[in-house]
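Structure file final-v3.txt (compact mmCIF, C-alpha atoms) follows.
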```txt
# COMPACT_ATOMS: atom_id res chain seq x y z
CA MET U 235 -102.18 81.96 -36.92
CA ALA U 236 -99.65 79.61 -35.46
CA GLY U 237 -96.25 80.85 -34.37
CA GLU U 238 -94.82 84.25 -33.51
CA ILE U 239 -95.49 87.36 -35.52
CA PRO U 240 -92.19 88.08 -37.30
CA ASN U 241 -90.47 91.34 -36.44
CA LEU U 242 -88.76 92.77 -39.49
CA ALA U 243 -87.61 96.03 -37.89
CA GLU U 244 -83.95 95.10 -38.39
CA SER U 245 -84.53 94.56 -42.10
CA ASN U 246 -85.24 98.29 -42.46
CA LEU U 247 -87.92 97.59 -45.01
CA ARG U 248 -90.05 100.45 -46.25
CA ALA U 249 -93.54 99.97 -47.59
CA LEU U 250 -96.18 102.07 -49.28
CA VAL U 251 -99.91 101.56 -48.73
CA VAL U 252 -101.99 102.68 -51.70
CA ASP U 253 -105.71 102.69 -50.87
CA ASP U 254 -108.51 105.24 -51.04
CA ASN U 255 -110.45 103.72 -48.14
CA LEU U 256 -109.56 105.29 -44.78
CA VAL U 257 -110.40 102.17 -42.78
CA ASN U 258 -108.19 100.05 -45.00
CA GLN U 259 -105.42 102.64 -44.83
CA MET U 260 -105.50 102.46 -41.04
CA MET U 261 -105.59 98.65 -41.02
CA HIS U 262 -102.81 98.14 -43.54
CA HIS U 263 -100.63 100.78 -41.89
CA LYS U 264 -101.04 99.04 -38.54
CA LEU U 265 -100.47 95.58 -40.00
CA LEU U 266 -97.15 96.70 -41.46
CA ASP U 267 -96.27 98.57 -38.27
CA ARG U 268 -96.90 95.44 -36.27
CA LEU U 269 -94.41 93.54 -38.36
CA GLY U 270 -91.83 96.28 -37.85
CA ILE U 271 -92.12 97.69 -41.36
CA GLN U 272 -92.02 101.47 -41.69
CA ASN U 273 -94.66 102.63 -44.09
CA ASP U 274 -96.28 105.57 -45.78
CA VAL U 275 -99.88 105.83 -46.94
CA VAL U 276 -101.30 107.43 -50.08
CA CYS U 277 -104.89 107.66 -51.33
CA ASN U 278 -104.73 106.62 -54.95
CA GLY U 279 -102.53 105.53 -57.82
CA GLN U 280 -101.66 109.06 -58.86
CA GLU U 281 -100.29 109.84 -55.39
CA ALA U 282 -98.30 106.59 -55.53
CA VAL U 283 -96.72 107.74 -58.78
CA ASP U 284 -96.15 111.27 -57.43
CA VAL U 285 -94.42 110.03 -54.30
CA HIS U 286 -91.99 108.06 -56.46
CA CYS U 287 -91.43 111.08 -58.70
CA SER U 288 -90.46 113.01 -55.59
CA GLY U 289 -87.62 110.57 -55.10
CA ARG U 290 -88.97 108.20 -52.48
CA ASN U 291 -88.49 104.51 -52.92
CA TYR U 292 -90.05 101.47 -51.28
CA ASP U 293 -89.26 97.80 -50.94
CA LEU U 294 -92.93 96.83 -50.95
CA ILE U 295 -96.08 98.46 -52.27
CA LEU U 296 -99.53 97.26 -51.18
CA MET U 297 -101.71 98.37 -54.10
CA ASP U 298 -105.49 98.48 -54.00
CA MET U 299 -107.18 97.96 -57.36
CA GLU U 300 -110.19 100.23 -57.43
CA MET U 301 -109.33 103.83 -56.64
CA PRO U 302 -110.36 107.22 -58.01
CA ILE U 303 -108.14 109.37 -60.22
CA MET U 304 -105.75 106.51 -61.02
CA ASN U 305 -106.60 102.90 -60.19
CA GLY U 306 -104.21 100.16 -59.14
CA ILE U 307 -103.82 98.65 -62.60
CA GLN U 308 -102.95 102.01 -64.16
CA ALA U 309 -100.63 102.91 -61.28
CA THR U 310 -98.79 99.57 -61.42
CA LYS U 311 -98.26 99.93 -65.18
CA ARG U 312 -97.05 103.49 -64.74
CA LEU U 313 -94.62 102.59 -61.97
CA ARG U 314 -93.15 99.77 -64.05
CA GLU U 315 -92.82 102.13 -67.03
CA MET U 316 -90.92 104.49 -64.74
CA GLY U 317 -88.50 101.66 -63.97
CA ILE U 318 -89.70 101.15 -60.40
CA GLU U 319 -88.61 97.65 -59.38
CA SER U 320 -90.23 97.56 -55.94
CA LYS U 321 -92.23 94.47 -55.14
CA ILE U 322 -95.89 95.28 -55.70
CA ALA U 323 -98.62 93.19 -54.09
CA GLY U 324 -102.14 93.79 -55.31
CA VAL U 325 -104.74 93.71 -52.56
CA THR U 326 -108.38 93.90 -53.54
CA THR U 327 -111.83 92.58 -52.80
CA ARG U 328 -112.32 92.03 -56.52
CA ALA U 329 -111.17 88.47 -56.95
CA GLU U 330 -112.78 87.47 -60.25
CA GLU U 331 -110.24 85.60 -62.37
CA GLU U 332 -110.24 88.06 -65.24
CA GLU U 333 -109.75 91.12 -63.04
CA ARG U 334 -107.00 89.35 -61.10
CA LYS U 335 -105.25 88.39 -64.33
CA GLU U 336 -105.43 91.96 -65.62
CA PHE U 337 -104.02 93.27 -62.35
CA MET U 338 -101.18 90.70 -62.32
CA GLU U 339 -100.34 91.46 -65.93
CA ALA U 340 -99.99 95.15 -65.08
CA GLY U 341 -96.81 94.21 -63.22
CA LEU U 342 -97.67 92.79 -59.82
CA ASN U 343 -95.36 90.39 -57.99
CA ASP U 344 -98.10 88.98 -55.77
CA PHE U 345 -101.82 89.23 -55.06
CA GLN U 346 -103.93 88.88 -51.93
CA GLU U 347 -107.64 89.10 -51.43
CA LYS U 348 -108.91 91.62 -48.88
CA PRO U 349 -109.47 91.88 -46.02
CA LEU U 350 -105.80 91.68 -45.13
CA THR U 351 -104.78 89.85 -42.00
CA ILE U 352 -101.44 89.26 -40.30
CA SER U 353 -101.30 85.81 -41.94
CA LYS U 354 -101.98 87.18 -45.40
CA LEU U 355 -99.37 89.89 -45.01
CA VAL U 356 -96.79 87.36 -43.79
CA SER U 357 -97.67 85.24 -46.80
CA ILE U 358 -96.99 88.21 -49.09
CA LEU U 359 -93.67 88.87 -47.36
CA HIS U 360 -92.72 85.23 -47.68
CA ASN U 361 -93.75 85.01 -51.35
CA LEU U 362 -91.68 88.11 -52.10
CA ASP U 363 -88.66 86.78 -50.14
CA PHE U 364 -88.78 89.40 -47.39
CA CYS U 365 -89.03 86.80 -44.65
CA ASP U 366 -89.19 83.07 -43.93
CA GLN U 367 -92.67 81.59 -43.43
CA THR U 368 -93.30 80.98 -39.68
CA MET W 27 -119.83 84.49 -4.62
CA ASP W 28 -118.43 86.06 -7.80
CA THR W 29 -116.49 89.24 -7.50
CA LEU W 30 -117.59 92.23 -9.53
CA VAL W 31 -114.64 91.70 -11.87
CA ALA W 32 -115.54 88.05 -12.44
CA GLN W 33 -119.16 89.00 -13.15
CA LEU W 34 -118.15 91.69 -15.61
CA GLN W 35 -115.67 89.38 -17.30
CA ARG W 36 -118.33 86.73 -17.73
CA GLN W 37 -120.75 89.30 -19.09
CA PHE W 38 -118.08 90.50 -21.52
CA ARG W 39 -117.30 86.96 -22.64
CA ASP W 40 -120.97 86.07 -23.16
CA TYR W 41 -121.72 89.30 -24.98
CA THR W 42 -118.74 88.94 -27.29
CA ILE W 43 -119.72 85.37 -28.16
CA SER W 44 -123.29 86.45 -28.84
CA LEU W 45 -122.14 89.12 -31.29
CA TYR W 46 -120.34 86.47 -33.33
CA HIS W 47 -123.09 83.88 -33.07
CA GLN W 48 -125.77 86.37 -34.08
CA GLY W 49 -123.73 87.29 -37.14
CA PHE W 50 -122.89 90.85 -36.23
CA LEU W 51 -119.15 90.12 -36.28
CA ASP W 52 -116.91 87.65 -38.06
CA ASP W 53 -113.29 86.46 -37.85
CA GLN W 54 -111.97 89.73 -39.23
CA PHE W 55 -112.95 91.44 -35.97
CA THR W 56 -110.73 88.92 -34.19
CA GLU W 57 -107.92 89.88 -36.58
CA LEU W 58 -108.52 93.53 -35.73
CA LYS W 59 -108.15 92.79 -32.03
CA LYS W 60 -104.82 91.07 -32.66
CA LEU W 61 -103.44 94.40 -33.87
CA GLN W 62 -104.22 96.16 -30.58
CA ASP W 63 -101.20 96.35 -28.30
CA GLU W 64 -99.52 98.51 -25.64
CA CYS W 65 -98.41 100.98 -28.33
CA SER W 66 -101.97 101.43 -29.57
CA PRO W 67 -104.30 100.35 -26.74
CA ASP W 68 -107.34 101.98 -28.38
CA PHE W 69 -106.72 100.71 -31.89
CA VAL W 70 -109.93 98.70 -32.21
CA ALA W 71 -112.09 101.56 -30.94
CA GLU W 72 -110.33 103.98 -33.31
CA VAL W 73 -110.78 101.80 -36.40
CA VAL W 74 -114.37 101.03 -35.52
CA SER W 75 -115.06 104.73 -34.97
CA LEU W 76 -113.59 105.50 -38.38
CA PHE W 77 -115.74 102.76 -39.88
CA PHE W 78 -118.92 104.26 -38.45
CA GLU W 79 -117.98 107.71 -39.74
CA ASP W 80 -117.42 106.09 -43.12
CA CYS W 81 -120.87 104.44 -42.90
CA GLU W 82 -122.52 107.77 -42.22
CA LYS W 83 -120.75 109.51 -45.07
CA LEU W 84 -121.33 106.74 -47.61
CA ILE W 85 -124.96 106.19 -46.66
CA GLY W 86 -125.46 109.93 -47.07
CA ASN W 87 -123.91 109.74 -50.55
CA MET W 88 -126.13 106.82 -51.49
CA ALA W 89 -129.26 108.52 -50.18
CA ARG W 90 -128.53 111.68 -52.17
CA ALA W 91 -127.86 109.69 -55.32
CA LEU W 92 -131.09 107.70 -54.92
CA ASP W 93 -133.00 110.89 -54.28
CA GLN W 94 -132.46 112.02 -57.88
CA THR W 95 -135.85 110.63 -58.94
CA GLY W 96 -135.83 109.51 -62.54
CA ASN W 97 -132.17 110.30 -62.90
CA VAL W 98 -130.45 107.96 -60.46
CA ASP W 99 -126.78 107.33 -61.16
CA PHE W 100 -126.58 103.66 -60.19
CA ASN W 101 -122.84 103.63 -60.84
CA LEU W 102 -122.42 106.32 -58.21
CA VAL W 103 -124.52 104.39 -55.73
CA GLY W 104 -122.62 101.21 -56.58
CA SER W 105 -119.32 102.93 -56.01
CA SER W 106 -120.35 103.95 -52.48
CA VAL W 107 -121.66 100.45 -51.83
CA HIS W 108 -118.31 99.01 -52.94
CA GLN W 109 -116.51 101.34 -50.52
CA LEU W 110 -118.83 100.33 -47.68
CA LYS W 111 -118.38 96.66 -48.49
CA GLY W 112 -114.63 97.16 -48.29
CA SER W 113 -114.73 98.92 -44.93
CA SER W 114 -117.21 96.53 -43.38
CA SER W 115 -115.18 93.58 -44.58
CA SER W 116 -112.03 95.04 -43.03
CA VAL W 117 -113.53 95.45 -39.56
CA GLY W 118 -115.52 92.22 -39.51
CA ALA W 119 -118.96 93.84 -39.72
CA LYS W 120 -120.53 90.70 -41.15
CA ARG W 121 -124.16 91.78 -41.50
CA VAL W 122 -123.29 95.12 -43.06
CA LYS W 123 -120.97 93.39 -45.52
CA GLY W 124 -123.66 90.87 -46.42
CA LEU W 125 -126.16 93.63 -47.10
CA CYS W 126 -123.64 95.39 -49.32
CA VAL W 127 -123.43 92.29 -51.54
CA THR W 128 -127.21 92.38 -52.09
CA PHE W 129 -127.14 96.15 -52.47
CA LYS W 130 -124.46 95.95 -55.17
CA GLU W 131 -126.57 93.46 -57.10
CA CYS W 132 -129.49 95.88 -56.98
CA CYS W 133 -127.24 98.66 -58.26
CA ASP W 134 -125.92 96.49 -61.08
CA SER W 135 -129.46 95.61 -62.17
CA GLN W 136 -130.63 99.22 -61.65
CA ASN W 137 -133.32 98.01 -59.27
CA PHE W 138 -134.43 101.26 -57.63
CA GLU W 139 -136.83 99.76 -55.07
CA GLY W 140 -134.25 97.14 -54.17
CA CYS W 141 -131.63 99.84 -53.65
CA VAL W 142 -133.93 101.88 -51.43
CA ARG W 143 -134.73 98.80 -49.34
CA CYS W 144 -131.04 97.91 -49.02
CA LEU W 145 -130.17 101.45 -48.03
CA GLN W 146 -132.73 101.36 -45.22
CA GLN W 147 -131.44 97.99 -44.04
CA VAL W 148 -127.80 99.06 -44.13
CA ASP W 149 -128.65 102.16 -42.12
CA ILE W 150 -130.41 100.06 -39.48
CA GLU W 151 -127.64 97.46 -39.35
CA TYR W 152 -124.71 99.79 -38.93
CA LYS W 153 -126.51 101.71 -36.19
CA SER W 154 -127.35 98.45 -34.46
CA LEU W 155 -123.73 97.31 -34.62
CA LYS W 156 -122.54 100.70 -33.40
CA ALA W 157 -124.75 100.45 -30.31
CA LYS W 158 -123.62 96.90 -29.59
CA LEU W 159 -119.93 97.70 -29.93
CA GLN W 160 -120.40 100.73 -27.69
CA ASP W 161 -121.87 98.37 -25.07
CA LEU W 162 -118.92 96.01 -25.56
CA PHE W 163 -116.35 98.78 -25.13
CA SER W 164 -118.26 100.04 -22.10
CA LEU W 165 -117.97 96.58 -20.51
CA GLU W 166 -114.22 96.63 -21.20
CA GLN W 167 -113.93 99.97 -19.44
CA GLN W 168 -115.90 98.71 -16.45
CA ILE W 169 -113.64 95.66 -16.15
CA VAL W 170 -110.51 97.81 -16.21
CA GLN W 171 -111.97 100.32 -13.76
CA ALA W 172 -112.83 97.45 -11.42
CA GLY W 173 -109.18 96.41 -11.51
CA GLY W 174 -109.59 93.42 -13.81
CA ARG W 175 -108.13 92.34 -17.15
CA ILE W 176 -110.14 92.03 -20.33
CA PRO W 177 -110.46 88.30 -20.98
CA GLN W 178 -109.37 86.71 -24.24
CA VAL W 179 -112.50 85.23 -25.82
CA ASP W 180 -112.08 82.22 -28.10
CA ILE W 181 -114.88 82.03 -30.63
```

In structure tokens, what does this structure look like?
Amino acid sequence: MAGEIPNLAESNLRALVVDDNLVNQMMHHKLLDRLGIQNDVVCNGQEAVDVHCSGRNYDLILMDMEMPIMNGIQATKRLREMGIESKIAGVTTRAEEEERKEFMEAGLNDFQEKPLTISKLVSILHNLDFCDQT
Amino acid sequence: MDTLVAQLQRQFRDYTISLYHQGFLDDQFTELKKLQDECSPDFVAEVVSLFFEDCEKLIGNMARALDQTGNVDFNLVGSSVHQLKGSSSSVGAKRVKGLCVTFKECCDSQNFEGCVRCLQQVDIEYKSLKAKLQDLFSLEQQIVQAGGRIPQVDI
């Protein structure tokens, strides 16, 4: 990736990682950390909904698609029904057109194919107007 | 004559390159290394360790599911394969990821023999990668202990 890694610490952004895979949780948490974005991690869509019901709010949600208990599509729909206006970026290995369309239509603002990298995360942040593309 | 540090650094460089060229690792491992910094100097080792624990757990799940002779839940096996594909993709474990693609196809077509073969291969591959990465990390430690810096390796 050309250029510096942007540091968004001063923006005071808060993000939520929603993924049932421990390796991905660790990666996505670190990716956000590296860009200066404070973040929490939950294991599935239900926990994502619960954390919002408890009063927490986030600027950005990185939502995996396939998760137990409540998947990313269900969780995204539920959050939008609750009036949550956070930017939600779907991140999944499932990139077939139909599945992507269904995920987007659930209420996503952006979509990236896993595995996530610094470049892909910066692209999400740029697409969702959190930073300028470097 | 090369110093010990120079020898170790060359060994490290050559070994790293070989892991990529032989298909054990791909670009995602390079991405993983970019995330390691002074705040988390052991990040790569920690993620990789978590990955191998994940491998063990998921392979165990798959083996138990395939052991239900005549009553195999291929969806259950496929679900574990999907998880393993995700983890292996995230750490750059190229061979393991590739095997998971084949394995998933066997699950989708309910090919029992194919699944058993894939399971055996995945087990061999992750253990092979684990040994190789342990050697790589050991070389890193030797370089640092000898007073040297771990070289950046461009693939």

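In terms of minimum interatomic distance to chain U, W:Gly118 ranks closest within W:Pro67, W:Gly96, W:Gly118, W:Gly173, counting all atoms listed in the file.
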
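CA of Met316 (chain U) is found 24.7 Å from CA of Gln259 (chain U).
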
Test item: chain U residues at most 10 Å from chain W, counting only C-alpha atoms, as number ranges by chain: U: 235, 254-258, 260-262, 264-265, 267-268, 300-301, 326-328, 348-353

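Residues in contact range of Gln33 (chain W), defined as at most 12 Å between all atoms listed in the file, with sequence neighbours fewer than 4 positions away removed, read W:Met27, W:Asp28, W:Thr29, W:Gln37, W:Phe38, W:Arg39, W:Asp40, W:Leu165, W:Gln168, W:Ile169, W:Ala172, W:Gly174, W:Ile176, W:Pro177.
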
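We find CA of Ile358 (chain U) and CA of Leu269 (chain U) to be spaced 12.3 Å apart.
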
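CA of Thr310 (chain U) lies 15.8 Å from CA of Arg290 (chain U).
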
Exercise: Gln48 (chain W) partners within 12 Å, all atoms listed in the file, chain neighbours under 3 positions left out, as a ChimeraX atom specification: /W:40-45,51-52,119-121,155,158

Residues near Gly86 (chain W), cut-off 10 Å, only C-alpha atoms, skip fewer than 4 positions along chain, as an MDAnalysis selection string: chainID W and resid 80:82 90:92 106 145 149
